[in-house]
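Quick notes on the structure that follows.
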Amino acid sequence: MSDQSNFIEKEDVVVKFCGDSGDGMQLAGTLFSDAAALIGLDLATFPDYPAEIRAPHNTIAGVSGFQVHVGRKKIETSGDFVDILVAMNPASLKSNLKWTRPGATIIVDADLFDEATCKKAGYLTNPLEDNSLEGYNLVKAPVTMLTRNALKTLGIDNKTADRTRNVFTLGIIYHIFSWSLDSTVSYFKTKFKKKPEMVEANKLVLETGYSYADTVETLGSSYHIAKAKMAPGRYRNITGNVATAWGLLAAAERSGRPLFLGSYPITPATEILIELAKYKSLGAKVFQAEDEIAGICSAIGASYTGSLALTTTSGPGLSLKSEAIGLAVMTELPLVIVNVQRGGPSTGLPTKSEQSDLMQALFGRNGEAPVVVIAASSPADCFDYAYESAKIALEHMTPVILLTDGSLGNGSQLFRIPKVADMPSITPPLAEPNDKEYKPYKRDPETFVRKWAIPGTEGLRHRIGGLEKDNGSGNVSTDPANHQIMTDLREAKIQKVADFIPLQDIIGAKKGEVLVVSWGGTRGTTEAAVDELQKQGKKISLAHFHHIMPLPKNTHEVLSGFKKIIVCELNSGQFVNYLRMKEPDFKYSKYNKVMGLPFTVTELVAKFNEML
Amino acid sequence: MFEFPNKTIERSVVELNKADFVSDQMVKWCPGCGAHAILASIANVFPKIGYRKENFMMVSGIGCSSRFPYYVNTYGFHGIHGRANAIASGVKIANPNLSVWIATGDGDSMAIGGNHFIHIIRRNIDVNIVLFNNQIYGLTKGQYSPTTPMGSVTKTSPQGTIEHPFNPGELVLGAQGTFFARAVDTNVKLMTEVMFEAARHDGTSVIEILQNCIIFADKTHEAITDKEVRDDAQIHIKNGEPLIFGKNKDKGIRLNGTQLEVVMIGENGITEDDLLVHDQYQQDPGLHLMIAKMYPPHFPVALGVIRSAMYPTYDDLVEEQIVHAKASSKILCVDDLLNSGDTWEIE
């Protein structure tokens with residue numbers, strides 16, 4: 001154990017494990033975050049792996065990383081800069097150094113830094129020997145050698161031993177935090193239930209790493225993070241994609257409508273399809289269609305027959321679904337379309353995150369085809385916004401596009417487990433059997449919502465489709481006046497949803513110098529940046545939007561209280577242009593980035609300071 | 001009446017008739033269009049099938065054929081171009097208690113919706129596809145389709161088409177279809193019969209109707225349907241019976257080595273015993289494919305049920321998996337799911 005006097009008290013720490021894909025970095029990161037969660041820290045994680053499944057060894061393209069941000073404060077992002085970097089080989093060091101804080105601790109497997117591997121990573125000289133890492137706290141650990149030596153005593157060969165090197169680095173990290181090894185050892189016991197020798201081997205390597213750290217002078221000081229103050233309750237770790245899937249399952253159960261997903265695999269949305277496919281025991285029907293179009297069309301068919309119908313995709317898939325979304329608008333059927341955004345246009349940057357599908361979600365269809373657009377803002381709240389999307393779709397008989405993104409989908413966060421019975425009720429407008437008054441497009445006078453008549457129900461046989469319908473009877477109509485009425489009604493029906501969503505909140509004072517506006521997946525960084533400036537006494541507030549179409553009813557009022565408004569988004573300015581259209585009384589400036597990377601708190605603070 | 005193997009779909013307790021399925025909409029197809037006869041056949045067959053009238057559902061895409069749902073009083077959905085089969089897949093999987101009928105054309109299912117057509121067949125989803133094959137795009141006024149005979153002059157092929165047409169039967173069997181039948185729009189009795197057989201079949205049933213478009217491809221099927229030639233140009237095949245045709249019932253089809261050939265009964269010592277006997281239920285699609293490919297001038301075109309083989313349906317397998325999952329999983333409600341795996345309490 002380290003000398004207690006050398007503890008450094010920290011609010012939060014960012015740890016990143018990186019190495020060759022296959023080095024077990026994702027697992028090391030996961031085990032570290034589980035240990036942190038058990039200690040009572042808040043956390044967020046982000047996996048960062050190559051698009052290729054098995055890229056060449058020791059190349060930059062083959063680097064796989066897993067970043068974990070732990071802290072006693074509320075953790076909203078996986079962190080801008082790394083405090084402790086584990087870099088197994090030269091390529092992983094090279095590709096991650098620019099995200100590593102000056103003075104950070106860098107732990108490398110010194111045995112893997114030879115001339116060949118350095119050259120493959122594009123280093124002219126060995127970075128461990130040319131003093132280029134002088135500004136860091138470098139730990140040149142002979143990980144491979146020490147792991148092999150330790151396991152030799154158990155008669156384990158080198159090849160098998162090398163597969164546990166990740167565990168050795170985990171031991172070093174646990175030493176830095178003075179954490180118990182118990183949670184990780186118990187993981188090994190479950191994982192290798194039938195191979196007790198592997199439990200023993202992994203435990204030994206973990207302990208060897210821990211003891212090794214004790215002997216390293218550069219690791220003189222340890223970090224201490226106090227327990228986070230979190231609302232009492234039962235917690236778990238969850239990724240945005242899994243949270244989305246679960247929110248939809250909860251909505252299906254609460255509404256009593258069976259869940260149907262029609263989908264086609266696409267990065268980074270596939271995990272939602274994979275997750276939902278696991279739950280036939282909940283009655284979920286998951287149809288892996290032949291293409292994106294069949295995904296949404298099968299969902300529309302299922303919606304007509306009374307299911308909570310879903311389709312999940314990413315940008316290119318949303319393009320392919322455009323025509324069918326128009327069909328769901330015309331037939332006024334409930335449908336949730338989840339778009340886990342990625343870098344575009346075209347195939348773009350499949351594994352990188354962006355917010356550039358907003359305009360497509362709002363307007364990317366032929367004709368005037370309004371839909372509800374909602375955006376989640378953290379991995380955990382994907383659950384809530386998926387649930388709300390389903391509720392609005394079912395109760396307002398409309399397609400809803402839920403926007404998340406690659407960072408939210410793959411990132412993880414602690415999630416306080418709700419009880420389904422405590423969630424808001426969902427009451428779809430089902431038509432009663434033999435309702436003599438039933439007409440397919442007869443509407444509720446308040447909400448303009450038509451009734452849902454489920455096939456099989458007596459006395460409600462009817463036909464609908466993509467041709468313009470007569471308001472009321474639902475018969476095909478080409479009457480000019482009727483088309484005007486129906487166009488207006490489709491828009492009014494969506495605007496009415498504003499009565500059923502929360503008002504826009506402001507983080508900070510309602511009046512001030514600068515209002516930062518953001519939406520969707522950037523909340524963690526915009527909130528952290530605004531929080532930092534507020535602590536400095538600056539008159540800055542944040543309005544982070546989750547409801548895009550329709551906008552919350554108090555949007556005008558929210559925007560009114562500030563001298564300057566800056567809209568930050570990971571595109572070239574789509575939400576700002578939408579606001580210019582919807583709320584033209586204000587002058588907006590914008591801050592944008594389209595690099596496939598999230599904002600950093602640092603850059604936002606700098607930008608906002610310019611305006612204050 | 002045959003025993004229906006399908007026990008999922010609820011049967012009507014009262015006897016139904018044509019009037020139960022007549023819609024209040026004006027039928028807007030051209031006078032003389034073959035689609036009228038197809039509509040008449042559906043009106044014949046739905047009451048005969050005997051399901052509750054609320055358990056029928058019609059789905060369509062775009063094209064003249066796809067106006068069909070408006071003209072039948074069932075639950076109906078008029079989709080978008082090419083997507084009828086995809087929409088219907090969702091309908092049947094989500095609600096297996098419906099008898100699902102798809103009205104589609106050679107443009108809707110062979111061109112823009114070709115992908116969905118082959119995949120619904122491959123999955124063997126229990127729906128009935130009525131394929132109106134008029135070999136032309138009617139609703140857009142006369143462009144060639146994927147089934148237009150090569151060389152045909154149309155608005156988009158002023159010098160004649162230079163594309164090889166699809167034979168829908170080949171496509172169905174190539175996609176591992178379990179049911180394929182063919183009929184002509186001039187024969188309501190035959191259409192009604194094969195539709196009834198299609199309804200009895202568990203799995204994707206494709207019924208190709210050789211349909212006349214009186215405006216843009218009039219007499220396109222004349223070589224088969226014309227009164228003068230039809231006895232020699234058509235063969236009505238029946239399960240368990242030898243393949244015989246001709247005005248005088250003196251022609252037959254036999255298997256000579258690996259190929260079919262037309263023979264004259266009574267000539268060269270050939271008797272009925274030498275002829276191919278049709279087995280629509282055999283699993284191997286080899287002979288079905290050869291029969292489906294027969295075409296004038298060297299062969300008569302086969303009408304009737306060419307193939308109806310028993311295979312598990314996708315929708316039945318989905319339900320089986322759900323039953324199994326419910327019996328074996330620990331996660332039976334969303335609260336179970338939320339609390340599964342690693343969780344911890346914070347006080």
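By convention in this document, the chains of the structure tokens carry letters A, B, ... by their order, each chain's residues are numbered from 1, and ligands are numbered from 1 in the order they are shown.
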
Excluding range 205-207 of chain A and its own-chain neighbours fewer than 4 positions away, which residues fall within 7 Å of it when counting only C-alpha atoms? Please give them as an mmCIF file with N, CA and C atoms, in the first residue's frame.
data_model
loop_
_atom_site.group_PDB
_atom_site.id
_atom_site.type_symbol
_atom_site.label_atom_id
_atom_site.label_comp_id
_atom_site.auth_asym_id
_atom_site.auth_seq_id
_atom_site.Cartn_x
_atom_site.Cartn_y
_atom_site.Cartn_z
ATOM 1 N N THR A 147 4.691 -10.651 -16.702
ATOM 2 C CA THR A 147 3.508 -11.522 -16.794
ATOM 3 C C THR A 147 3.945 -12.960 -17.081
ATOM 4 N N ALA A 150 5.651 -14.510 -14.043
ATOM 5 C CA ALA A 150 4.712 -14.844 -12.970
ATOM 6 C C ALA A 150 3.991 -16.146 -13.294
ATOM 7 N N VAL A 167 -4.555 -7.560 -17.793
ATOM 8 C CA VAL A 167 -4.863 -7.690 -16.365
ATOM 9 C C VAL A 167 -3.711 -7.127 -15.522
ATOM 10 N N PHE A 168 -2.488 -7.297 -16.006
ATOM 11 C CA PHE A 168 -1.325 -6.735 -15.313
ATOM 12 C C PHE A 168 -1.458 -5.209 -15.212
ATOM 13 N N LEU A 170 -4.129 -3.508 -15.332
ATOM 14 C CA LEU A 170 -5.252 -3.214 -14.447
ATOM 15 C C LEU A 170 -4.766 -3.224 -12.987
ATOM 16 N N GLY A 171 -3.863 -4.161 -12.673
ATOM 17 C CA GLY A 171 -3.277 -4.218 -11.331
ATOM 18 C C GLY A 171 -2.549 -2.930 -10.997
ATOM 19 N N ALA A 201 -4.523 -17.971 -12.545
ATOM 20 C CA ALA A 201 -3.541 -17.252 -13.366
ATOM 21 C C ALA A 201 -3.875 -15.759 -13.424
ATOM 22 N N SER A 211 1.625 -5.328 -7.136
ATOM 23 C CA SER A 211 2.875 -5.267 -6.363
ATOM 24 C C SER A 211 3.957 -4.538 -7.142
#

- request: Please identify all polymer residues within 7 Å of Leu394 in chain A, counting only C-alpha atoms, omitting same-chain residues fewer than 4 positions from it, and present them as a PyMOL selection string.
  value: chain A and resi 334+390+428

Resulting file, chosen residues, C-alpha atoms, as a PDB file, in the first residue's frame:
ATOM      1  CA  PRO A 334     -47.503   5.353 -34.851  1.00  0.00           C
ATOM      2  CA  ALA A 390     -42.921   5.701 -28.192  1.00  0.00           C
ATOM      3  CA  PRO A 428     -53.132   4.709 -27.566  1.00  0.00           C
TER       4      PRO A 428
END

- request: Tell me which protein, DNA and RNA residues are within 8 Å of Tyr137 in chain B, counting only C-alpha atoms, leaving out same-chain ones fewer than 5 positions away, and put them as an MDAnalysis selection string.
  value: chainID B and resid 63 107 142:145

Which residues of chain B have any atom within 8 Å of an atom in chain A when counting only C-alpha atoms, and what is the closest pair of atoms for each, with the distance in Å to one decimal? Order the rows by chain and rising number and write it as a Markdown table.
| residue | atom | partner | partner_atom | distance |
| --- | --- | --- | --- | --- |
| B:Glu54 | CA | A:Gly456 | CA | 4.7 |
| B:Asn55 | CA | A:Gly456 | CA | 4.9 |
| B:Phe56 | CA | A:Gly456 | CA | 7.8 |
| B:Met57 | CA | A:Pro455 | CA | 7.4 |
| B:Pro69 | CA | A:Arg463 | CA | 6.9 |
| B:Tyr70 | CA | A:Arg463 | CA | 6.2 |
| B:Asn73 | CA | A:Arg461 | CA | 6.8 |
| B:Thr74 | CA | A:Arg461 | CA | 5.4 |
| B:Tyr75 | CA | A:Arg461 | CA | 4.8 |
| B:Gly76 | CA | A:Arg463 | CA | 4.4 |
| B:Phe77 | CA | A:Ile464 | CA | 5.3 |
| B:His78 | CA | A:Gly465 | CA | 4.2 |
| B:Gly79 | CA | A:Gly465 | CA | 5.6 |
| B:Ile80 | CA | A:Gly466 | CA | 6.6 |
| B:Arg83 | CA | A:Cys297 | CA | 6.8 |
| B:Ala86 | CA | A:Ala294 | CA | 5.0 |
| B:Ile87 | CA | A:Ser298 | CA | 4.4 |
| B:Ala88 | CA | A:Gly301 | CA | 6.0 |
| B:Ser89 | CA | A:Ser298 | CA | 5.7 |
| B:Gly90 | CA | A:Ser298 | CA | 3.8 |
| B:Val91 | CA | A:Gly301 | CA | 4.6 |
| B:Lys92 | CA | A:Ala302 | CA | 7.8 |
| B:Ile93 | CA | A:Ala302 | CA | 7.6 |
| B:Ala94 | CA | A:Ala302 | CA | 5.3 |
| B:Asn95 | CA | A:Thr305 | CA | 6.5 |
| B:Asn97 | CA | A:Gly456 | CA | 7.8 |
| B:Leu98 | CA | A:Gly456 | CA | 7.2 |
| B:Asn115 | CA | A:Glu290 | CA | 7.4 |
| B:His116 | CA | A:Ala294 | CA | 7.0 |
| B:His119 | CA | A:Glu290 | CA | 6.8 |
| B:Val318 | CA | A:Lys285 | CA | 7.6 |
| B:Gln321 | CA | A:Lys280 | CA | 7.1 |
| B:Ile322 | CA | A:Lys280 | CA | 5.1 |
| B:Val323 | CA | A:Ser281 | CA | 7.6 |
| B:His324 | CA | A:Ser281 | CA | 7.9 |
| B:Ala325 | CA | A:Ser281 | CA | 4.6 |
| B:Lys326 | CA | A:Ser281 | CA | 4.3 |
| B:Ala327 | CA | A:Ser281 | CA | 7.8 |
| B:Ser329 | CA | A:Ser281 | CA | 6.2 |
| B:Ile331 | CA | A:Ser281 | CA | 6.6 |
| B:Leu332 | CA | A:Leu282 | CA | 5.7 |
| B:Cys333 | CA | A:Leu282 | CA | 6.1 |
| B:Val334 | CA | A:Ala250 | CA | 5.9 |
| B:Asp335 | CA | A:Val420 | CA | 6.3 |
| B:Leu338 | CA | A:Ile417 | CA | 6.4 |
| B:Asn339 | CA | A:Ile417 | CA | 7.3 |
| B:Asp342 | CA | A:Arg236 | CA | 6.4 |
| B:Thr343 | CA | A:Arg236 | CA | 4.6 |
| B:Trp344 | CA | A:Tyr235 | CA | 5.3 |
| B:Glu345 | CA | A:Arg234 | CA | 4.3 |
| B:Ile346 | CA | A:Pro232 | CA | 5.0 |
| B:Glu347 | CA | A:Pro232 | CA | 4.6 |

task: Show which residues sit within 12 Å of Ala37 in chain B, as a list in words. Count only C-alpha atoms, and ignore same-chain residues fewer than 5 positions away.
output: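 Those residues are Trp29, Pro31, Gly32, Ile42, Ala43, Asn44, Ser65, Phe68, Phe132, Ala183, Val184, Asp185, Thr186, Asn187, Val188, Lys189, Leu190, Met191, Thr192, Ile209, Leu210, Gln211 and Asn212 of chain B.
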
query: Can you list, as a ChimeraX atom specification, every protein, DNA or RNA residue that comes within 10 Å of Asn577 in chain A when you count only C-alpha atoms, leaving out same-chain residues fewer than 6 positions away?
result: /A:359,567,583-584,588,590

task: Just the residues within 7 Å of range 229-244 of chain B, please, counting only C-alpha atoms, with nothing from its chain fewer than 2 positions along; format it as a PyMOL selection string.
output: chain B and resi 223-227+246-247+249+251-253+275-280+296+300-304

query: What lies within 9 Å of Pro399 in chain A using only C-alpha atoms, ignoring chain neighbours under 6 positions off, as JSON, numbers by chain?
result: {"A": [325, 328, 329, 332, 333, 334, 335, 336, 337, 370, 371, 372, 373, 389, 392, 393]}

message: So that I can check the secondary structure, give me every residue of range 172-420 of chain A assigned alpha helix (DSSP H) by backbone DSSP, as a PyMOL selection string.
response: chain A and resi 172-177+182-191+196-214+240-255+270-277+292-304+315-331+358-363+382-396+406-410

Export of the given selection (C-alpha atoms) as a compact mmCIF listing (two decimals), in the first residue's frame:
# COMPACT_ATOMS: atom_id res chain seq x y z
CA ILE A 172 -1.09 -1.13 -11.74
CA ILE A 173 -4.14 1.11 -12.05
CA TYR A 174 -5.79 -0.40 -8.96
CA HIS A 175 -2.63 0.36 -7.06
CA ILE A 176 -2.71 3.97 -8.19
CA PHE A 177 -6.23 4.28 -6.73
CA ASP A 182 -12.09 -8.20 -5.17
CA SER A 183 -14.62 -7.23 -7.83
CA THR A 184 -12.24 -8.16 -10.61
CA VAL A 185 -11.26 -11.45 -8.99
CA SER A 186 -14.90 -12.35 -8.60
CA TYR A 187 -15.41 -11.59 -12.29
CA PHE A 188 -12.67 -14.12 -13.11
CA LYS A 189 -14.37 -16.68 -10.88
CA THR A 190 -17.62 -16.35 -12.84
CA LYS A 191 -15.99 -16.10 -16.24
CA PRO A 196 -10.01 -22.88 -12.13
CA GLU A 197 -6.40 -22.66 -13.39
CA MET A 198 -7.34 -19.52 -15.38
CA VAL A 199 -8.91 -17.93 -12.31
CA GLU A 200 -5.65 -18.56 -10.47
CA ALA A 201 -3.54 -17.25 -13.37
CA ASN A 202 -5.51 -14.01 -13.82
CA LYS A 203 -5.56 -13.38 -10.07
CA LEU A 204 -1.80 -13.89 -9.89
CA VAL A 205 -1.15 -11.50 -12.78
CA LEU A 206 -3.46 -8.88 -11.26
CA GLU A 207 -1.58 -9.12 -7.94
CA THR A 208 1.76 -9.05 -9.72
CA GLY A 209 0.80 -5.81 -11.47
CA TYR A 210 -0.38 -4.36 -8.17
CA SER A 211 2.87 -5.27 -6.36
CA TYR A 212 4.97 -4.08 -9.29
CA ALA A 213 3.36 -0.62 -9.00
CA ASP A 214 4.47 -0.47 -5.38
CA GLY A 240 -26.98 4.47 -25.03
CA ASN A 241 -27.95 1.81 -27.55
CA VAL A 242 -28.97 -0.67 -24.86
CA ALA A 243 -30.84 2.10 -22.99
CA THR A 244 -32.71 2.94 -26.21
CA ALA A 245 -33.72 -0.70 -26.67
CA TRP A 246 -34.86 -1.01 -23.06
CA GLY A 247 -36.82 2.23 -23.12
CA LEU A 248 -38.74 0.91 -26.11
CA LEU A 249 -39.38 -2.43 -24.39
CA ALA A 250 -40.69 -0.56 -21.35
CA ALA A 251 -43.02 1.49 -23.57
CA ALA A 252 -44.35 -1.67 -25.21
CA GLU A 253 -45.08 -3.23 -21.83
CA ARG A 254 -46.65 -0.08 -20.38
CA SER A 255 -48.85 0.53 -23.45
CA THR A 270 -26.83 -2.31 -34.86
CA GLU A 271 -26.59 -2.87 -31.09
CA ILE A 272 -30.22 -1.81 -30.68
CA LEU A 273 -31.28 -4.52 -33.14
CA ILE A 274 -29.01 -7.07 -31.41
CA GLU A 275 -30.31 -6.10 -27.98
CA LEU A 276 -33.99 -6.31 -28.89
CA ALA A 277 -33.46 -9.64 -30.63
CA GLU A 292 -33.46 -0.47 -44.77
CA ILE A 293 -36.62 0.06 -46.79
CA ALA A 294 -38.04 -3.33 -45.85
CA GLY A 295 -37.10 -2.55 -42.25
CA ILE A 296 -39.35 0.48 -42.09
CA CYS A 297 -42.06 -0.91 -44.39
CA SER A 298 -42.44 -4.06 -42.29
CA ALA A 299 -42.70 -1.79 -39.25
CA ILE A 300 -45.45 0.22 -40.95
CA GLY A 301 -47.31 -3.03 -41.69
CA ALA A 302 -46.92 -4.05 -38.04
CA SER A 303 -48.09 -0.62 -36.93
CA TYR A 304 -51.27 -0.91 -39.00
CA GLY A 315 -27.82 8.39 -41.51
CA PRO A 316 -27.59 6.50 -44.82
CA GLY A 317 -30.44 4.27 -43.68
CA LEU A 318 -32.57 7.28 -42.80
CA SER A 319 -32.13 8.48 -46.40
CA LEU A 320 -33.39 5.14 -47.68
CA LYS A 321 -36.39 5.25 -45.37
CA SER A 322 -37.52 8.74 -46.42
CA GLU A 323 -40.33 7.71 -48.74
CA ALA A 324 -41.73 5.24 -46.22
CA ILE A 325 -41.68 7.85 -43.43
CA GLY A 326 -43.92 9.91 -45.71
CA LEU A 327 -46.25 6.90 -45.97
CA ALA A 328 -46.46 6.73 -42.17
CA VAL A 329 -47.18 10.48 -42.09
CA MET A 330 -49.96 10.08 -44.67
CA THR A 331 -51.50 7.03 -43.01
CA LEU A 358 -31.07 17.13 -38.07
CA MET A 359 -32.32 18.80 -41.24
CA GLN A 360 -32.91 15.40 -42.81
CA ALA A 361 -34.96 14.31 -39.80
CA LEU A 362 -37.00 17.52 -39.89
CA PHE A 363 -37.54 17.96 -43.60
CA CYS A 382 -31.64 7.40 -24.21
CA PHE A 383 -33.94 5.21 -22.09
CA ASP A 384 -36.23 8.12 -21.19
CA TYR A 385 -36.34 9.69 -24.63
CA ALA A 386 -36.91 6.34 -26.34
CA TYR A 387 -39.82 5.81 -23.94
CA GLU A 388 -41.18 9.30 -24.59
CA SER A 389 -40.81 8.85 -28.37
CA ALA A 390 -42.92 5.70 -28.19
CA LYS A 391 -45.50 7.40 -25.96
CA ILE A 392 -45.90 10.33 -28.34
CA ALA A 393 -46.00 8.07 -31.42
CA LEU A 394 -48.70 5.87 -29.90
CA GLU A 395 -50.84 8.59 -28.37
CA HIS A 396 -50.58 11.04 -31.27
CA GLY A 406 -22.51 7.19 -32.13
CA SER A 407 -21.03 8.69 -28.96
CA LEU A 408 -24.27 8.24 -27.02
CA GLY A 409 -24.98 4.83 -28.50
CA ASN A 410 -21.59 3.29 -27.69

task: Just list the residues in range 27-172 of chain B DSSP gives strand (DSSP E) on the backbone, as a PyMOL selection string.
output: chain B and resi 56-60+75-78+99-105+127-133

Those same residues - C-alpha atoms - I'd like them written as an mmCIF file, in the first residue's frame.
data_model
loop_
_atom_site.group_PDB
_atom_site.id
_atom_site.type_symbol
_atom_site.label_atom_id
_atom_site.label_comp_id
_atom_site.auth_asym_id
_atom_site.auth_seq_id
_atom_site.Cartn_x
_atom_site.Cartn_y
_atom_site.Cartn_z
ATOM 1 C CA PHE B 56 -58.720 -10.813 -44.102
ATOM 2 C CA MET B 57 -56.180 -8.142 -44.913
ATOM 3 C CA MET B 58 -55.184 -6.867 -48.338
ATOM 4 C CA VAL B 59 -51.887 -5.140 -48.976
ATOM 5 C CA SER B 60 -50.658 -3.561 -52.183
ATOM 6 C CA TYR B 75 -58.871 -4.379 -43.729
ATOM 7 C CA GLY B 76 -56.574 -2.959 -46.398
ATOM 8 C CA PHE B 77 -53.372 -1.049 -46.866
ATOM 9 C CA HIS B 78 -52.282 0.650 -50.069
ATOM 10 C CA SER B 99 -55.136 -14.039 -43.807
ATOM 11 C CA VAL B 100 -52.891 -11.719 -45.785
ATOM 12 C CA TRP B 101 -53.368 -11.125 -49.510
ATOM 13 C CA ILE B 102 -51.051 -9.041 -51.641
ATOM 14 C CA ALA B 103 -52.109 -7.492 -54.934
ATOM 15 C CA THR B 104 -49.073 -6.600 -56.985
ATOM 16 C CA GLY B 105 -47.873 -6.320 -60.548
ATOM 17 C CA VAL B 127 -49.097 -14.727 -47.303
ATOM 18 C CA ASN B 128 -50.795 -14.985 -50.694
ATOM 19 C CA ILE B 129 -49.292 -12.944 -53.504
ATOM 20 C CA VAL B 130 -51.525 -12.336 -56.497
ATOM 21 C CA LEU B 131 -49.142 -11.206 -59.220
ATOM 22 C CA PHE B 132 -50.921 -9.374 -62.053
ATOM 23 C CA ASN B 133 -48.573 -10.001 -64.966
#

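Reported to one decimal place, the separation of CA of Arg365 in chain A from CA of Leu430 in chain A is 27.9 Å.
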
Distance of CA of Thr140 in chain B from CA of Gly174 in chain B, expressed in Å to one decimal place: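 Value for the CA of Gly174 in chain B-CA of Thr140 in chain B distance: 29.3 Å.
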
task: For CA of Leu402 in chain A and CA of Glu491 in chain A, quote the distance in Å rounded to one decimal.
output: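 Pair CA of Leu402 in chain A / CA of Glu491 in chain A returns 18.4 Å.
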